[in-house]
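What's in protein_35.txt: compact mmCIF, C-alpha atoms
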# COMPACT_ATOMS: atom_id res chain seq x y z
CA MET A 18 -153.58 30.24 59.04
CA ASP A 19 -151.09 29.37 56.30
CA THR A 20 -151.19 26.12 54.30
CA VAL A 21 -148.44 24.35 56.27
CA ALA A 22 -150.01 25.19 59.61
CA ARG A 23 -153.44 24.19 58.39
CA HIS A 24 -152.21 20.80 57.17
CA ALA A 25 -150.45 20.21 60.47
CA PHE A 26 -153.61 21.12 62.37
CA LEU A 27 -155.75 18.40 60.80
CA PRO A 28 -153.85 15.36 62.14
CA ARG A 29 -153.66 16.93 65.60
CA ALA A 30 -157.37 17.70 65.54
CA ALA A 31 -158.27 14.19 64.43
CA LEU A 32 -156.14 12.59 67.14
CA ALA A 33 -157.59 14.88 69.79
CA ILE A 34 -161.14 14.04 68.76
CA LEU A 35 -160.28 10.33 68.68
CA ALA A 36 -158.97 10.54 72.24
CA LEU A 37 -162.21 12.23 73.29
CA VAL A 38 -164.34 9.58 71.59
CA VAL A 39 -162.32 6.77 73.19
CA GLY A 40 -163.02 8.22 76.62
CA LEU A 41 -166.77 8.32 76.18
CA GLY A 42 -168.86 5.48 77.43
CA CYS A 43 -166.13 2.85 77.79
CA ASP A 44 -167.23 1.55 81.19
CA ALA A 45 -170.94 1.79 80.47
CA PHE A 46 -171.00 -0.88 77.78
CA ALA A 47 -168.18 -3.19 78.86
CA ALA A 48 -170.14 -5.69 80.95
CA ASP A 49 -173.11 -6.46 78.70
CA LEU A 50 -171.27 -6.62 75.38
CA GLY A 51 -168.25 -8.41 76.79
CA THR A 52 -170.57 -11.20 77.91
CA LEU A 53 -172.31 -11.39 74.52
CA LEU A 54 -169.08 -11.42 72.55
CA SER A 55 -167.37 -13.99 74.74
CA SER A 56 -170.35 -16.32 74.47
CA ALA A 57 -170.57 -16.11 70.69
CA PRO A 58 -169.17 -19.35 69.15
CA PRO A 59 -166.32 -18.87 66.66
CA ALA A 60 -166.96 -19.70 63.02
CA PHE A 61 -163.94 -22.04 63.02
CA THR A 62 -162.41 -24.03 65.87
CA ARG A 63 -158.70 -23.31 65.34
CA ILE A 64 -156.42 -20.93 63.49
CA ASP A 65 -154.87 -22.47 60.39
CA PRO A 66 -152.12 -20.27 58.85
CA ASN A 67 -152.11 -22.41 55.69
CA THR A 68 -155.77 -21.74 54.91
CA TRP A 69 -157.33 -18.41 54.17
CA ILE A 70 -160.93 -17.33 54.31
CA VAL A 71 -161.64 -15.01 51.39
CA THR A 72 -164.71 -12.79 51.58
CA LEU A 73 -165.91 -11.17 48.37
CA SER A 74 -168.38 -8.32 48.87
CA GLY A 75 -170.65 -6.43 46.53
CA THR A 76 -172.34 -3.20 47.62
CA LEU A 77 -175.16 -1.14 46.12
CA GLN A 78 -175.46 2.33 47.65
CA VAL A 79 -177.71 5.32 47.22
CA THR A 80 -175.56 8.38 47.90
CA PRO A 81 -175.47 12.11 47.05
CA ARG A 82 -174.46 12.60 43.43
CA TYR A 83 -171.51 14.74 44.61
CA PRO A 84 -170.55 16.41 47.93
CA GLY A 85 -173.35 18.78 48.92
CA ALA A 86 -175.72 17.67 46.14
CA GLU A 87 -179.49 17.67 46.49
CA ASP A 88 -179.93 14.67 44.16
CA SER A 89 -178.81 11.11 44.84
CA THR A 90 -177.42 8.42 42.59
CA LEU A 91 -176.99 4.64 42.76
CA ILE A 92 -173.46 3.27 42.75
CA GLY A 93 -172.01 -0.21 43.12
CA TYR A 94 -168.55 -1.38 44.10
CA PRO A 95 -166.72 -4.59 45.13
CA ALA A 96 -164.44 -5.34 48.08
CA ILE A 97 -162.30 -8.24 49.33
CA ASP A 98 -161.27 -9.34 52.81
CA LEU A 99 -158.63 -11.95 53.71
CA ARG A 100 -158.11 -13.70 57.04
CA ARG A 101 -156.67 -16.95 58.31
CA ALA A 102 -159.09 -19.81 58.93
CA GLY A 103 -160.10 -19.71 62.57
CA GLU A 104 -159.82 -15.93 62.92
CA SER A 105 -162.99 -13.96 63.44
CA ARG A 106 -163.67 -11.37 60.77
CA ARG A 107 -162.96 -7.87 61.96
CA PHE A 108 -165.87 -5.45 62.27
CA ALA A 109 -166.03 -3.05 59.33
CA ALA A 110 -168.45 -0.14 59.14
CA PRO A 111 -170.11 0.52 55.77
CA ASP A 112 -168.40 3.90 55.45
CA ASP A 113 -164.85 2.71 56.18
CA GLY A 114 -162.31 3.43 53.49
CA PHE A 115 -160.66 0.60 51.56
CA SER A 116 -158.14 -0.55 54.17
CA PHE A 117 -155.31 -3.02 54.73
CA SER A 118 -153.88 -3.76 58.19
CA VAL A 119 -150.14 -3.79 58.76
CA TYR A 120 -150.60 -4.15 62.53
CA ASP A 121 -153.54 -5.95 64.09
CA ASP A 122 -154.14 -7.15 67.64
CA ALA A 123 -157.14 -7.37 69.94
CA ALA A 124 -157.14 -3.64 70.79
CA VAL A 125 -155.32 -1.79 67.99
CA ARG A 126 -155.35 -2.01 64.22
CA LEU A 127 -153.62 0.33 61.76
CA GLY A 128 -152.52 0.54 58.16
CA PRO A 129 -153.08 2.26 54.82
CA THR A 130 -156.52 3.25 53.59
CA ALA A 131 -158.05 5.00 50.58
CA ARG A 132 -161.34 6.65 49.70
CA PHE A 133 -162.99 7.81 46.50
CA VAL A 134 -165.05 11.00 46.32
CA PRO A 135 -167.71 11.30 43.57
CA GLY A 136 -167.07 14.03 41.01
CA ARG A 137 -169.28 17.00 40.21
CA TYR A 138 -169.91 17.51 36.50
CA TYR A 139 -171.84 20.05 34.50
CA GLY A 140 -174.06 17.29 33.13
CA ASP A 141 -175.25 16.47 36.65
CA ASP A 142 -177.26 19.72 36.81
CA ARG A 143 -176.97 21.87 33.71
CA ARG A 144 -179.38 24.47 35.01
CA HIS A 145 -177.57 25.28 38.24
CA LEU A 146 -173.94 24.39 37.44
CA LEU A 147 -173.59 26.74 34.47
CA GLY A 148 -170.11 28.24 34.54
CA PHE A 149 -168.67 25.81 37.09
CA ARG A 150 -165.64 23.76 36.14
CA ASP A 151 -166.04 20.02 36.49
CA SER A 152 -164.65 18.56 39.70
CA ARG A 153 -163.31 15.14 38.78
CA PHE A 154 -163.79 12.18 41.08
CA ALA A 155 -161.07 12.21 43.72
CA VAL A 156 -158.68 9.59 45.08
CA GLU A 157 -157.60 10.01 48.72
CA PRO A 158 -154.94 7.59 50.06
CA GLY A 159 -153.94 7.82 53.69
CA LEU A 160 -153.59 6.04 57.02
CA PHE A 161 -156.09 4.70 59.54
CA ILE A 162 -155.96 3.63 63.17
CA GLU A 163 -158.59 1.73 65.14
CA PHE A 164 -158.77 1.28 68.89
CA TYR A 165 -161.13 -0.98 70.84
CA PRO A 166 -161.49 0.28 74.43
CA THR A 167 -163.89 -2.66 74.90
CA PRO A 168 -164.92 -5.48 72.54
CA SER A 169 -168.23 -3.67 71.98
CA ILE A 170 -166.82 -0.24 71.05
CA ARG A 171 -164.63 0.51 68.05
CA THR A 172 -163.08 3.92 67.45
CA ARG A 173 -161.44 4.81 64.14
CA ALA A 174 -159.57 7.79 62.69
CA GLU A 175 -158.35 8.38 59.15
CA ILE A 176 -156.00 11.00 57.70
CA ARG A 177 -155.94 11.19 53.89
CA GLN A 178 -154.37 13.30 51.15
CA GLY A 179 -156.02 13.99 47.81
CA VAL A 180 -153.76 12.95 44.91
CA TYR A 181 -156.26 13.09 42.06
CA GLY A 182 -159.35 15.26 41.71
CA HIS A 183 -158.25 17.51 44.56
CA HIS A 184 -155.07 18.06 46.56
CA GLY A 185 -156.48 18.87 49.97
CA THR A 186 -155.96 17.12 53.30
CA VAL A 187 -159.00 15.48 54.86
CA GLY A 188 -159.75 13.34 57.88
CA SER A 189 -162.50 11.48 59.65
CA VAL A 190 -163.13 10.32 63.20
CA GLY A 191 -165.87 7.98 64.39
CA ALA A 192 -166.97 5.40 66.92
CA ASP A 193 -169.29 2.37 66.67
CA TYR A 194 -171.23 0.51 69.33
CA ILE A 195 -171.40 -3.14 68.21
CA LEU A 196 -174.18 -5.44 69.38
CA PRO A 197 -174.15 -9.12 68.27
CA LEU A 198 -177.39 -11.06 68.79
CA ASP A 199 -177.41 -14.66 67.54
CA ARG A 200 -177.08 -14.45 63.73
CA PHE A 201 -177.46 -10.66 63.72
CA GLN A 202 -174.99 -7.89 64.40
CA PHE A 203 -176.07 -4.28 64.89
CA SER A 204 -173.88 -1.20 64.96
CA LEU A 205 -174.46 2.52 65.43
CA GLY A 206 -172.10 5.42 65.87
CA PRO A 207 -171.24 9.10 65.29
CA ARG A 208 -169.03 10.49 62.54
CA PHE A 209 -167.04 13.72 62.20
CA ASN A 210 -165.31 14.71 58.94
CA ILE A 211 -162.89 17.58 58.35
CA GLY A 212 -161.10 19.09 55.37
CA ASP A 213 -158.71 21.96 54.74
CA ALA A 214 -159.33 25.05 52.62
CA SER A 215 -158.06 23.37 49.44
CA PHE A 216 -160.67 20.62 49.74
CA ALA A 217 -163.42 23.08 50.71
CA ARG A 218 -162.75 25.39 47.76
CA LYS A 219 -162.81 22.47 45.32
CA TYR A 220 -166.34 21.38 46.17
CA PHE A 221 -167.93 24.36 47.91
CA GLY A 222 -166.17 27.47 46.58
CA VAL A 223 -167.53 29.87 43.96
CA PRO A 224 -164.81 31.76 42.03
CA VAL A 225 -165.55 35.33 40.95
CA GLU A 226 -165.54 34.46 37.23
CA THR A 227 -167.85 31.49 37.81
CA ALA A 228 -170.31 33.65 39.70
CA ARG A 229 -170.31 36.18 36.85
CA VAL A 230 -171.03 33.50 34.22
CA ASN A 231 -173.62 31.68 36.33
CA GLY A 232 -175.50 34.81 37.36
CA ARG A 233 -177.37 33.07 40.18
CA VAL A 234 -174.67 32.75 42.85
CA THR A 235 -172.28 35.15 44.51
CA PRO A 236 -168.54 34.53 44.93
CA TYR A 237 -167.71 32.44 47.98
CA ASP A 238 -164.44 31.23 49.51
CA PRO A 239 -164.88 28.65 52.29
CA GLY A 240 -161.88 28.38 54.57
CA SER A 241 -162.55 24.84 55.76
CA PHE A 242 -164.92 21.88 55.65
CA TYR A 243 -166.47 19.80 58.34
CA SER A 244 -169.57 17.69 58.79
CA ALA A 245 -171.10 15.63 61.57
CA GLY A 246 -173.52 12.73 61.48
CA LEU A 247 -174.02 9.07 62.27
CA ILE A 248 -174.37 5.69 60.58
CA GLY A 249 -176.09 2.47 61.55
CA ALA A 250 -175.99 -1.05 60.12
CA ALA A 251 -177.57 -4.46 60.60
CA THR A 252 -175.86 -7.67 59.40
CA TYR A 253 -177.51 -11.06 59.09
CA THR A 254 -175.14 -14.03 58.82
CA GLN A 255 -176.97 -16.82 57.06
CA SER A 256 -174.02 -19.23 57.18
CA GLU A 257 -170.23 -19.28 57.05
CA THR A 258 -170.66 -18.59 53.33
CA TRP A 259 -173.31 -15.87 53.06
CA ALA A 260 -173.98 -12.66 54.99
CA TYR A 261 -176.12 -9.58 54.24
CA THR A 262 -175.82 -6.03 55.56
CA ALA A 263 -178.27 -3.15 55.30
CA TYR A 264 -177.23 0.32 56.44
CA ALA A 265 -178.22 3.98 56.53
CA GLY A 266 -176.27 7.13 57.30
CA TYR A 267 -176.77 10.85 57.71
CA ALA A 268 -174.33 13.79 57.73
CA ARG A 269 -174.86 17.54 58.06
CA ILE A 270 -172.40 19.87 56.33
CA LEU A 271 -171.50 22.59 58.83
CA GLY A 272 -169.38 25.68 59.22
CA ALA A 273 -168.02 27.62 56.27
CA ALA A 274 -168.75 24.83 53.78
CA GLY A 275 -172.33 24.63 55.09
CA ASP A 276 -172.78 28.32 54.29
CA SER A 277 -171.76 27.86 50.66
CA PRO A 278 -174.48 28.65 48.10
CA LEU A 279 -173.69 25.27 46.52
CA VAL A 280 -175.27 23.42 49.45
CA ARG A 281 -178.33 25.63 49.66
CA ARG A 282 -181.44 24.98 47.64
CA PRO A 283 -181.90 25.00 44.71
CA PHE A 284 -178.19 24.20 44.20
CA GLY A 285 -177.71 21.59 46.91
CA ASN A 286 -178.56 20.43 50.41
CA PRO A 287 -176.47 20.46 53.62
CA ASP A 288 -178.31 17.30 54.75
CA GLN A 289 -176.62 14.30 53.15
CA PHE A 290 -178.16 10.80 53.31
CA GLN A 291 -176.92 7.39 52.21
CA PHE A 292 -178.52 3.95 52.13
CA GLY A 293 -176.98 0.67 51.09
CA LEU A 294 -177.03 -3.10 50.89
CA ARG A 295 -173.93 -5.33 50.98
CA VAL A 296 -173.74 -9.06 50.20
CA ASP A 297 -170.74 -11.10 51.43
CA TYR A 298 -169.64 -14.45 50.00
CA SER A 299 -166.90 -16.32 51.89
CA PHE A 300 -164.89 -19.41 50.97
CA ALA A 301 -161.75 -21.23 52.09
CA THR A 302 -158.61 -21.46 49.95
CA PRO A 303 -154.95 -22.45 50.44
CA ALA A 304 -152.80 -19.49 51.49
CA TRP A 305 -151.73 -17.45 48.46
CA PHE A 306 -148.35 -16.46 49.89
Take the structure in this file and express it as structure tokens.
Amino acid sequence: MDTVARHAFLPRAALAILALVVGLGCDAFAADLGTLLSSAPPAFTRIDPNTWIVTLSGTLQVTPRYPGAEDSTLIGYPAIDLRRAGESRRFAAPDDGFSFSVYDDAAVRLGPTARFVPGRYYGDDRRHLLGFRDSRFAVEPGLFIEFYPTPSIRTRAEIRQGVYGHHGTVGSVGADYILPLDRFQFSLGPRFNIGDASFARKYFGVPVETARVNGRVTPYDPGSFYSAGLIGAATYTQSETWAYTAYAGYARILGAAGDSPLVRRPFGNPDQFQFGLRVDYSFATPAWF
């Protein structure tokens, strides 16, 4: 498959998988969660377009040091969410990209998104990465779409293009079952990630010259990347000001990328885990624009 055809395949594949996910389990969960969500009291009694609720978030996450790595590292990052006073805050999974809605109603939400991929550097593992060129951290802007077949089920798809660090096309598809219980909210759902050959070669390929210098791996050219897993989260809302979220996720690197020597011990691990804690602080302010 040539590059143009491969890039065209990814959006079609993501949309097809999203349609499949949307069709799964819609009727099964509608009654119980619809009742719970409709009975939950809103945080504010009316929508005020002149007042915004600003939520500042700080996250600490334990994540693989780079894609396919055996070792983990601790990272921290901020986030911000804006909504009008009286509007409920939209559900956001811990692994969502940084997103901004340009269209948002009860069932559909879409807009731009971006993700950052950790880099792989020789200093991360001098023993095993001898001869490998550094893979800088990557920036992946793109688009997302969410669809709620019921208030208790969210589906989301992203299509992104690497513009720094790598120049491959990647995508992700997932669904979340959302369960609010008093001050708690629980979520759990599957994830599927895909990437073209350009992305796969960047993080999982072994060039001939690199293999010769390293001496411990053989040349390898993965034609694609995909992984499957799930993520779960629990949020405790202490008040309209403070909320806390703990989460854990797992993904298995599969296919051609999963057969790369870089994700096999002692170089790496196809089983990728992440754990995190997010703290949200919300306050009201006059509308900024």
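Residue neighbourhood of A:Phe154, excluding near-sequence residues (fewer than 4 positions): Arg82, Tyr83, Pro84, Arg132, Phe133, Val134, Pro135, Gly136, Arg137, Tyr138, Gly179, Val180, Tyr181, Gly182, His183, His184, Lys219 and Tyr220 of chain A, at 12 Å, using all atoms listed in the file.
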**Message:** With all atoms listed in the file as the counted atoms, please give the residues lying no more than 10 Å from stretch 156-161 of chain A, apart from itself and same-chain residues fewer than 2 positions off, as an NGL selection string.
**Reply:** :A and (113-118 or 126-135 or 153-154 or 163 or 173-190)
Mind giving me the axis-aligned box for stretch 249-254 of chain A with 5 Å on every side, centre plus edges in Å to one decimal, as lines of an AutoDock Vina configuration file?
center_x = -176.4
center_y = -5.8
center_z = 60.2
size_x = 12.4
size_y = 26.5
size_z = 12.7
**Message:** Show me the residues around (-161.5, 0.1, 73.2) - criterion: an atom at most 9 Å away, all atoms listed in the file counted - as a ChimeraX atom specification.
**Reply:** /A:39-40,43,124-125,163-172
Can you list, as a PDB file with C-alpha atoms, keeping the file's coordinate frame, every protein, DNA or RNA residue that comes within 10 Å of A:Phe108 when you count all atoms listed in the file, leaving out same-chain residues fewer than 4 positions away?
ATOM      1  CA  ARG A 171    -164.630   0.510  68.050  1.00  0.00           C
ATOM      2  CA  ASP A 193    -169.290   2.370  66.670  1.00  0.00           C
ATOM      3  CA  ILE A 195    -171.400  -3.140  68.210  1.00  0.00           C
ATOM      4  CA  GLN A 202    -174.990  -7.890  64.400  1.00  0.00           C
ATOM      5  CA  SER A 204    -173.880  -1.200  64.960  1.00  0.00           C
TER       6      SER A 204
END
